[in-house]
Amino acid sequence: MNPEFLDGLNDPQKAAVTIENGSALVLAGAGSGKTRVLTTRIAWLLSMGKASSQEILAVTFTNKAAKEMLLRIGLMLPYNLRSMWIGTFHGLCNRMLRHHHEQAALPESFQILDTQDQLSFVKRLMKNLSVDTDKFPPRQVQKFINSAKEEGLRYDSVDDPNGFNRPYIELYEAYDIQCQKEGVVDFGELLLRTLELLQRSESIRKHYQSRFKHILVDEFQDTNSLQYSWLKLLSGRSTGVLAVGDDDQSIYAFRGANVANMQYFEKDFKITKIIRLEQNYRSHGFILDAANSLISRNTSRLGKNLWTDSGMGECIRVFESPEDVFEAAWVVDEVKDFINMETSPSDIAILYRSNAQSRILEHELNKRNIDYRVYGGLRFYDRAEIKHALAYLRLLENQNDDTAFMRIVNFPSRKIGNRSLEQLQDVAKTLDLSLFDAIDNLEGKVSLALSKFKEMIEDIRNEINFSNLPETVDLVIRRSGLEEYYLSEKNGSERLENLKELVTASSGFIAEEKISSSIPSNFGISRRSSKNENIEPNKPVTLVDESEFDKNLNLTPLAKFLVNASLESGESQAGAGKAAVQLMTIHSAKGLEFDVVFVTGLEEGLFPHENSLSEINGVEEERRLMYVAMTRAKKRLFLSSAQARRLHGQVRYHQQSRFLEEIPKECLKKLSMQHDTNLNHASAFNGRKLNVENQTYGLTHNELHSNFSSNEKNSNNLNALKVGQYVRHQRFGDGIVLALQGTGSEASVHIKFEQNDVRCLSLAIAKLEKI
DNA sequence: TACCGAGTATTTTTT
DNA sequence: ATACTCGGTA
């Protein structure tokens, strides 16, 4: 008897859901029902009695994906799913390490360094060791450490054939020692430490291997070598691993993701037949054709071709704007049209390559009173004031946390300057103490301000003995001086609001904890936990019912809250739930779908990003990113670019992205600004009539605007020139315009000539001919 | 010794 | 635009 949720699945989907034994690799194209396959398989396993909820491990990359999975399984089955191990790689490793913290040589309440913390950690370490930060930029060191960990390498196993890495390796060693002293771990350490734990302890390994009968991996193409080894180690003889992925959507190579894992998986897990999901249920024909055609330019692919039976739909609209502000105006104008035509704002997404691009779009949306929601960017827990408050809390929880100490020792200002802190660091280093503990060993008057600080922290610690978590958070905000500080700051009110929000978040956290730990662990149909309990009667590791998992930890609510804050860096932002236009980077759009999608900033240098041009296979990864962007769209897709864009406070000029060339013309409909303005978009440009031929570039913002309203200025040949225009120079030959700058007699133009050199020529002098 | 202002470098994407 | 460093001043 197959449960009804198999109905409506196509054949390959059904095959993936009902694999009986062994492992499988599912090559799931964009929009081919990947999540549905994963969740239906879990529901199928449970309801058919093939596995109990405790025998299933499902791993994703983002908290969002994990939550989505839980939600969808919850819709199919009325069980308590909390006991199931569904989570991110980092979340699950965190869970294991807490559980086996002794064997992993970690304090029970170890805290997690995020990327920012890690960088300041590295800086502090290097200063302590007097390493020249000009020769070895902290960022490089951080990257070195992280990539080593991503490959599963400790400092003593990093390859160093020519001795070039020696200083980095030494720093890596010192870094790990210091982390251990302070009782903190970074993201990579979570995974590496868990892997080593599994490698080292046969009993723990065997325990998990026999426990997890089914492992399901989402976005398998994004796994790095460390995660792959972890999966291999976790799966025992009788474990079936279902890996679902799409090599065309591999967009995280920059952080160590290794698509080759798909090939390794085929071999290591003895996959006889790859299941291909090629029917796309998401996008209309034009969108799919365009995406297929684009991605076919990539050389290394496992190969598949998506098809749909939902009709061709509308052409993709392409809009080239002279300036970023007009691009934004055009996008928002179109958005407004859709909203007027009763498209829900939440079905509309505006995507961009990098977070910095969101600002201008937000501005325009604000101006036109359209609700929107920005994902990513500065997350709640990344805000400075929140990090400050959390640092106080972290120091209270663990006084060895030097990162937290340094962050707040003089914030708000307590007249503790660099000199005092250097002395403190010296003492701490000599006596091998944490900074906090070293305060008592300081001599002379320098120690006064520091002693007072220490006293304050200890006072707070005494006080919070009698308060619950929200009270603690509130108390810290007041007693630390943060409240006072932000009250007196000009822009402090918003920050104060955020701090209040943190108190609210903490009480929400407590409430959630209470609810989930009060649910009895009863899984109805196929509970088979008794079987597990006998696996290793003589071994110290015993299976703990997951609903009891948290109870078995001695973590204070504060410690739990802090872990939660660093692991889920504030996915839930204010304004959720409301119908709002969705703004996000393409990376964070992966896995999502929308009726209407705008991909903005399609410019060479921006997308593909200039940094990618010098990386091996960089452009291919960018192309996959474009593929991901395009395949988010169900019904309508819009692509836009701007010739001039303000970036890092400067105006930069770009040509259109090569990706636009790589889409078949038949799928596209190109719009020009003039065309649009004259039709129905005049409003976006404040009623100004724009004539594309008369535009001038390279002017300052204000000049540009004044020129738009009155186009009589600039009668020189700057008028006729445009970025990307081919020109001929008597002496230098043919070239292409890269940028224009200045006005009047000051006007100059950057041209790249055929001999490959770029020259800056004065327009008043140089005779240029358009070709 | 601390603070303030000027000058300089910096930015892809995320757990 | 923003974060961070450096040097001069209080």
# chains A, B, ... in the order shown; residues from 1 in each chain; ligands from 1

call {"tool": "select_by_dssp", "arguments": {"residues": "stretch 405-508 of chain A", "states": "alpha helix (DSSP H)", "output": "ChimeraX atom specification"}}
result
/A:405-408,418-431,435-438,447-464,469-479,482-488,492-508

call {"tool": "interface_residues", "arguments": {"of": "chain B", "to": "chain A", "cutoff": "12 Å", "atoms": "only C-alpha atoms (C1' of nucleotides)", "output": "PDB file with N, CA, C and O atoms (P, O5', C5', C4', C3', O3' and C1' of nucleotides), in the first residue's frame"}}
result
ATOM      1  P    DT B   1      51.197  54.608  29.152  1.00  0.00           P
ATOM      2  O5'  DT B   1      49.888  55.444  28.815  1.00  0.00           O
ATOM      3  C5'  DT B   1      49.214  56.032  29.897  1.00  0.00           C
ATOM      4  C4'  DT B   1      47.965  56.699  29.379  1.00  0.00           C
ATOM      5  C3'  DT B   1      47.245  55.929  28.270  1.00  0.00           C
ATOM      6  O3'  DT B   1      45.906  55.735  28.676  1.00  0.00           O
ATOM      7  C1'  DT B   1      47.520  58.196  27.659  1.00  0.00           C
ATOM      8  P    DA B   2      44.914  54.960  27.874  1.00  0.00           P
ATOM      9  O5'  DA B   2      43.986  56.133  27.299  1.00  0.00           O
ATOM     10  C5'  DA B   2      43.419  57.060  28.210  1.00  0.00           C
ATOM     11  C4'  DA B   2      42.587  58.076  27.459  1.00  0.00           C
ATOM     12  C3'  DA B   2      41.629  57.497  26.418  1.00  0.00           C
ATOM     13  O3'  DA B   2      40.414  58.220  26.473  1.00  0.00           O
ATOM     14  C1'  DA B   2      43.144  58.969  25.364  1.00  0.00           C
ATOM     15  P    DC B   3      39.213  57.802  25.599  1.00  0.00           P
ATOM     16  O5'  DC B   3      39.157  58.990  24.547  1.00  0.00           O
ATOM     17  C5'  DC B   3      39.302  60.337  25.000  1.00  0.00           C
ATOM     18  C4'  DC B   3      39.435  61.245  23.807  1.00  0.00           C
ATOM     19  C3'  DC B   3      38.481  60.920  22.659  1.00  0.00           C
ATOM     20  O3'  DC B   3      37.905  62.124  22.207  1.00  0.00           O
ATOM     21  C1'  DC B   3      40.695  61.019  21.867  1.00  0.00           C
ATOM     22  P    DA B   9      46.379  53.162   0.896  1.00  0.00           P
ATOM     23  O5'  DA B   9      45.442  51.929   1.261  1.00  0.00           O
ATOM     24  C5'  DA B   9      45.798  51.074   2.339  1.00  0.00           C
ATOM     25  C4'  DA B   9      44.604  50.240   2.726  1.00  0.00           C
ATOM     26  C3'  DA B   9      44.146  49.269   1.643  1.00  0.00           C
ATOM     27  O3'  DA B   9      43.788  48.038   2.271  1.00  0.00           O
ATOM     28  C1'  DA B   9      42.353  50.672   2.249  1.00  0.00           C
ATOM     29  P    DT B  10      43.555  46.749   1.395  1.00  0.00           P
ATOM     30  O5'  DT B  10      42.087  46.314   1.767  1.00  0.00           O
ATOM     31  C5'  DT B  10      41.367  47.044   2.773  1.00  0.00           C
ATOM     32  C4'  DT B  10      39.885  46.771   2.603  1.00  0.00           C
ATOM     33  C3'  DT B  10      39.521  45.841   1.446  1.00  0.00           C
ATOM     34  O3'  DT B  10      38.383  45.123   1.826  1.00  0.00           O
ATOM     35  C1'  DT B  10      38.445  47.855   1.114  1.00  0.00           C
ATOM     36  P    DT B  11      38.385  43.620   2.237  1.00  0.00           P
ATOM     37  O5'  DT B  11      37.360  42.955   1.263  1.00  0.00           O
ATOM     38  C5'  DT B  11      37.371  43.311  -0.082  1.00  0.00           C
ATOM     39  C4'  DT B  11      35.946  43.209  -0.589  1.00  0.00           C
ATOM     40  C3'  DT B  11      35.831  43.575  -2.060  1.00  0.00           C
ATOM     41  O3'  DT B  11      35.814  42.388  -2.897  1.00  0.00           O
ATOM     42  C1'  DT B  11      34.124  44.590  -0.712  1.00  0.00           C
ATOM     43  P    DT B  12      35.091  40.819  -1.965  1.00  0.00           P
ATOM     44  O5'  DT B  12      33.928  40.399  -2.982  1.00  0.00           O
ATOM     45  C5'  DT B  12      33.193  41.267  -3.702  1.00  0.00           C
ATOM     46  C4'  DT B  12      31.758  40.883  -3.593  1.00  0.00           C
ATOM     47  C3'  DT B  12      31.312  40.209  -2.303  1.00  0.00           C
ATOM     48  O3'  DT B  12      30.008  40.666  -2.015  1.00  0.00           O
ATOM     49  C1'  DT B  12      31.324  38.643  -4.111  1.00  0.00           C
ATOM     50  P    DT B  13      29.097  40.247  -0.904  1.00  0.00           P
ATOM     51  O5'  DT B  13      28.460  39.059  -1.699  1.00  0.00           O
ATOM     52  C5'  DT B  13      27.416  38.336  -1.126  1.00  0.00           C
ATOM     53  C4'  DT B  13      27.285  37.026  -1.854  1.00  0.00           C
ATOM     54  C3'  DT B  13      27.279  35.855  -0.869  1.00  0.00           C
ATOM     55  O3'  DT B  13      25.935  35.563  -0.571  1.00  0.00           O
ATOM     56  C1'  DT B  13      28.677  35.417  -2.756  1.00  0.00           C
ATOM     57  P    DT B  14      25.424  35.932   0.896  1.00  0.00           P
ATOM     58  O5'  DT B  14      25.678  34.570   1.638  1.00  0.00           O
ATOM     59  C5'  DT B  14      25.211  33.341   1.093  1.00  0.00           C
ATOM     60  C4'  DT B  14      25.565  32.259   2.077  1.00  0.00           C
ATOM     61  C3'  DT B  14      25.190  32.582   3.514  1.00  0.00           C
ATOM     62  O3'  DT B  14      24.696  31.410   4.153  1.00  0.00           O
ATOM     63  C1'  DT B  14      27.511  32.257   3.361  1.00  0.00           C
ATOM     64  P    DT B  15      23.944  31.588   5.541  1.00  0.00           P
ATOM     65  O5'  DT B  15      24.544  30.362   6.374  1.00  0.00           O
ATOM     66  C5'  DT B  15      24.263  29.043   5.961  1.00  0.00           C
ATOM     67  C4'  DT B  15      25.212  28.120   6.688  1.00  0.00           C
ATOM     68  C3'  DT B  15      25.145  28.224   8.210  1.00  0.00           C
ATOM     69  O3'  DT B  15      24.960  26.930   8.768  1.00  0.00           O
ATOM     70  C1'  DT B  15      27.375  28.459   7.449  1.00  0.00           C
TER      71       DT B  15
END

call {"tool": "closest_atom_pairs", "arguments": {"of": "chain A", "to": "chain C", "cutoff": "10 Å", "atoms": "only C-alpha atoms (C1' of nucleotides)", "output": "JSON lines"}}
result
{"residue": "A:Leu647", "atom": "CA", "partner": "C:DA1", "partner_atom": "C1'", "distance": 8.9}
{"residue": "A:His648", "atom": "CA", "partner": "C:DA1", "partner_atom": "C1'", "distance": 6.0}
{"residue": "A:Gly649", "atom": "CA", "partner": "C:DA1", "partner_atom": "C1'", "distance": 5.7}
{"residue": "A:Gln650", "atom": "CA", "partner": "C:DA1", "partner_atom": "C1'", "distance": 9.4}

call {"tool": "write_last_selection", "arguments": {"atoms": "C-alpha atoms", "output": "PDB file, in the first residue's frame"}}
result
ATOM      1  CA  LEU A 647      30.144  51.684  -6.576  1.00  0.00           C
ATOM      2  CA  HIS A 648      32.125  52.265  -3.369  1.00  0.00           C
ATOM      3  CA  GLY A 649      31.164  55.885  -3.662  1.00  0.00           C
ATOM      4  CA  GLN A 650      32.574  56.219  -7.160  1.00  0.00           C
TER       5      GLN A 650
END

call {"tool": "atom_distance", "arguments": {"atom1": "atom CA of A:Phe638", "atom2": "atom CA of A:Leu294"}}
result
15.4 Å

call {"tool": "select_by_dssp", "arguments": {"residues": "stretch 249-495 of chain A", "states": "strand (DSSP E or B)", "output": "PyMOL selection string"}}
result
chain A and resi 257+275-277+279+307+316-323+348-352+372-374

call {"tool": "atom_distance", "arguments": {"atom1": "atom CA of A:Phe121", "atom2": "atom CA of A:Ala389"}}
result
17.9 Å

call {"tool": "residues_around", "arguments": {"residues": "A:Asp401", "least_positions_apart": "6", "cutoff": "12 Å", "atoms": "only C-alpha atoms (C1' of nucleotides)", "output": "PyMOL selection string"}}
result
chain A and resi 109-113+117+121+178-185+390-395+407-409+433-437

call {"tool": "closest_residue", "arguments": {"among": "A:Arg383, A:Asp186, A:Thr239, A:Phe509", "to": "A:Lys206", "atoms": "only C-alpha atoms"}}
result
A:Thr239

call {"tool": "atom_distance", "arguments": {"atom1": "atom CA of A:Lys670", "atom2": "atom CA of A:Ile287"}}
result
14.7 Å

call {"tool": "decode", "arguments": {"residues": "stretch 175-204 of chain A", "atoms": "N, CA and C atoms", "output": "PDB file, in the first residue's frame"}}
result
ATOM      1  N   TYR A 175      46.717  29.758  16.262  1.00  0.00           N
ATOM      2  CA  TYR A 175      45.297  30.087  16.269  1.00  0.00           C
ATOM      3  C   TYR A 175      44.477  28.984  16.946  1.00  0.00           C
ATOM      4  N   ASP A 176      44.743  27.751  16.553  1.00  0.00           N
ATOM      5  CA  ASP A 176      43.983  26.641  17.124  1.00  0.00           C
ATOM      6  C   ASP A 176      44.244  26.499  18.621  1.00  0.00           C
ATOM      7  N   ILE A 177      45.507  26.712  19.007  1.00  0.00           N
ATOM      8  CA  ILE A 177      45.839  26.610  20.432  1.00  0.00           C
ATOM      9  C   ILE A 177      45.068  27.666  21.216  1.00  0.00           C
ATOM     10  N   GLN A 178      45.044  28.872  20.679  1.00  0.00           N
ATOM     11  CA  GLN A 178      44.361  29.959  21.368  1.00  0.00           C
ATOM     12  C   GLN A 178      42.849  29.712  21.448  1.00  0.00           C
ATOM     13  N   CYS A 179      42.279  29.205  20.349  1.00  0.00           N
ATOM     14  CA  CYS A 179      40.846  28.869  20.348  1.00  0.00           C
ATOM     15  C   CYS A 179      40.542  27.879  21.462  1.00  0.00           C
ATOM     16  N   GLN A 180      41.413  26.886  21.556  1.00  0.00           N
ATOM     17  CA  GLN A 180      41.212  25.853  22.565  1.00  0.00           C
ATOM     18  C   GLN A 180      41.264  26.455  23.965  1.00  0.00           C
ATOM     19  N   LYS A 181      42.200  27.370  24.169  1.00  0.00           N
ATOM     20  CA  LYS A 181      42.325  28.030  25.466  1.00  0.00           C
ATOM     21  C   LYS A 181      41.069  28.802  25.821  1.00  0.00           C
ATOM     22  N   GLU A 182      40.553  29.475  24.813  1.00  0.00           N
ATOM     23  CA  GLU A 182      39.401  30.330  25.079  1.00  0.00           C
ATOM     24  C   GLU A 182      38.083  29.560  25.061  1.00  0.00           C
ATOM     25  N   GLY A 183      38.155  28.342  24.578  1.00  0.00           N
ATOM     26  CA  GLY A 183      36.927  27.548  24.515  1.00  0.00           C
ATOM     27  C   GLY A 183      35.977  27.994  23.435  1.00  0.00           C
ATOM     28  N   VAL A 184      36.529  28.387  22.296  1.00  0.00           N
ATOM     29  CA  VAL A 184      35.679  28.783  21.177  1.00  0.00           C
ATOM     30  C   VAL A 184      36.058  27.976  19.933  1.00  0.00           C
ATOM     31  N   VAL A 185      35.110  27.846  19.025  1.00  0.00           N
ATOM     32  CA  VAL A 185      35.387  27.162  17.759  1.00  0.00           C
ATOM     33  C   VAL A 185      34.845  28.015  16.615  1.00  0.00           C
ATOM     34  N   ASP A 186      35.474  27.899  15.461  1.00  0.00           N
ATOM     35  CA  ASP A 186      34.948  28.609  14.296  1.00  0.00           C
ATOM     36  C   ASP A 186      34.069  27.659  13.489  1.00  0.00           C
ATOM     37  N   PHE A 187      33.507  28.157  12.414  1.00  0.00           N
ATOM     38  CA  PHE A 187      32.592  27.330  11.619  1.00  0.00           C
ATOM     39  C   PHE A 187      33.275  26.072  11.097  1.00  0.00           C
ATOM     40  N   GLY A 188      34.456  26.252  10.547  1.00  0.00           N
ATOM     41  CA  GLY A 188      35.165  25.110  10.000  1.00  0.00           C
ATOM     42  C   GLY A 188      35.507  24.090  11.082  1.00  0.00           C
ATOM     43  N   GLU A 189      35.842  24.601  12.256  1.00  0.00           N
ATOM     44  CA  GLU A 189      36.210  23.721  13.363  1.00  0.00           C
ATOM     45  C   GLU A 189      35.056  22.822  13.766  1.00  0.00           C
ATOM     46  N   LEU A 190      33.838  23.351  13.690  1.00  0.00           N
ATOM     47  CA  LEU A 190      32.669  22.542  14.025  1.00  0.00           C
ATOM     48  C   LEU A 190      32.689  21.251  13.222  1.00  0.00           C
ATOM     49  N   LEU A 191      32.952  21.405  11.919  1.00  0.00           N
ATOM     50  CA  LEU A 191      32.944  20.233  11.053  1.00  0.00           C
ATOM     51  C   LEU A 191      34.174  19.365  11.253  1.00  0.00           C
ATOM     52  N   LEU A 192      35.332  20.016  11.287  1.00  0.00           N
ATOM     53  CA  LEU A 192      36.573  19.255  11.378  1.00  0.00           C
ATOM     54  C   LEU A 192      36.653  18.488  12.701  1.00  0.00           C
ATOM     55  N   ARG A 193      36.272  19.163  13.769  1.00  0.00           N
ATOM     56  CA  ARG A 193      36.326  18.522  15.079  1.00  0.00           C
ATOM     57  C   ARG A 193      35.400  17.302  15.122  1.00  0.00           C
ATOM     58  N   THR A 194      34.244  17.450  14.502  1.00  0.00           N
ATOM     59  CA  THR A 194      33.308  16.332  14.480  1.00  0.00           C
ATOM     60  C   THR A 194      33.874  15.173  13.667  1.00  0.00           C
ATOM     61  N   LEU A 195      34.472  15.532  12.525  1.00  0.00           N
ATOM     62  CA  LEU A 195      35.051  14.489  11.693  1.00  0.00           C
ATOM     63  C   LEU A 195      36.121  13.724  12.462  1.00  0.00           C
ATOM     64  N   GLU A 196      36.987  14.465  13.139  1.00  0.00           N
ATOM     65  CA  GLU A 196      38.064  13.826  13.890  1.00  0.00           C
ATOM     66  C   GLU A 196      37.511  12.967  15.027  1.00  0.00           C
ATOM     67  N   LEU A 197      36.450  13.465  15.613  1.00  0.00           N
ATOM     68  CA  LEU A 197      35.811  12.696  16.683  1.00  0.00           C
ATOM     69  C   LEU A 197      35.336  11.349  16.149  1.00  0.00           C
ATOM     70  N   LEU A 198      34.705  11.395  14.991  1.00  0.00           N
ATOM     71  CA  LEU A 198      34.196  10.160  14.399  1.00  0.00           C
ATOM     72  C   LEU A 198      35.329   9.239  13.972  1.00  0.00           C
ATOM     73  N   GLN A 199      36.413   9.847  13.502  1.00  0.00           N
ATOM     74  CA  GLN A 199      37.546   9.032  13.077  1.00  0.00           C
ATOM     75  C   GLN A 199      38.202   8.358  14.270  1.00  0.00           C
ATOM     76  N   ARG A 200      38.330   9.120  15.320  1.00  0.00           N
ATOM     77  CA  ARG A 200      39.096   8.660  16.474  1.00  0.00           C
ATOM     78  C   ARG A 200      38.327   7.643  17.315  1.00  0.00           C
ATOM     79  N   SER A 201      37.068   7.928  17.534  1.00  0.00           N
ATOM     80  CA  SER A 201      36.314   7.079  18.443  1.00  0.00           C
ATOM     81  C   SER A 201      35.464   6.066  17.689  1.00  0.00           C
ATOM     82  N   GLU A 202      35.910   4.847  17.765  1.00  0.00           N
ATOM     83  CA  GLU A 202      35.191   3.803  17.052  1.00  0.00           C
ATOM     84  C   GLU A 202      33.778   3.654  17.605  1.00  0.00           C
ATOM     85  N   SER A 203      33.665   3.799  18.913  1.00  0.00           N
ATOM     86  CA  SER A 203      32.347   3.561  19.515  1.00  0.00           C
ATOM     87  C   SER A 203      31.345   4.624  19.061  1.00  0.00           C
ATOM     88  N   ILE A 204      31.781   5.850  19.034  1.00  0.00           N
ATOM     89  CA  ILE A 204      30.868   6.902  18.598  1.00  0.00           C
ATOM     90  C   ILE A 204      30.513   6.711  17.124  1.00  0.00           C
TER      91      ILE A 204
END
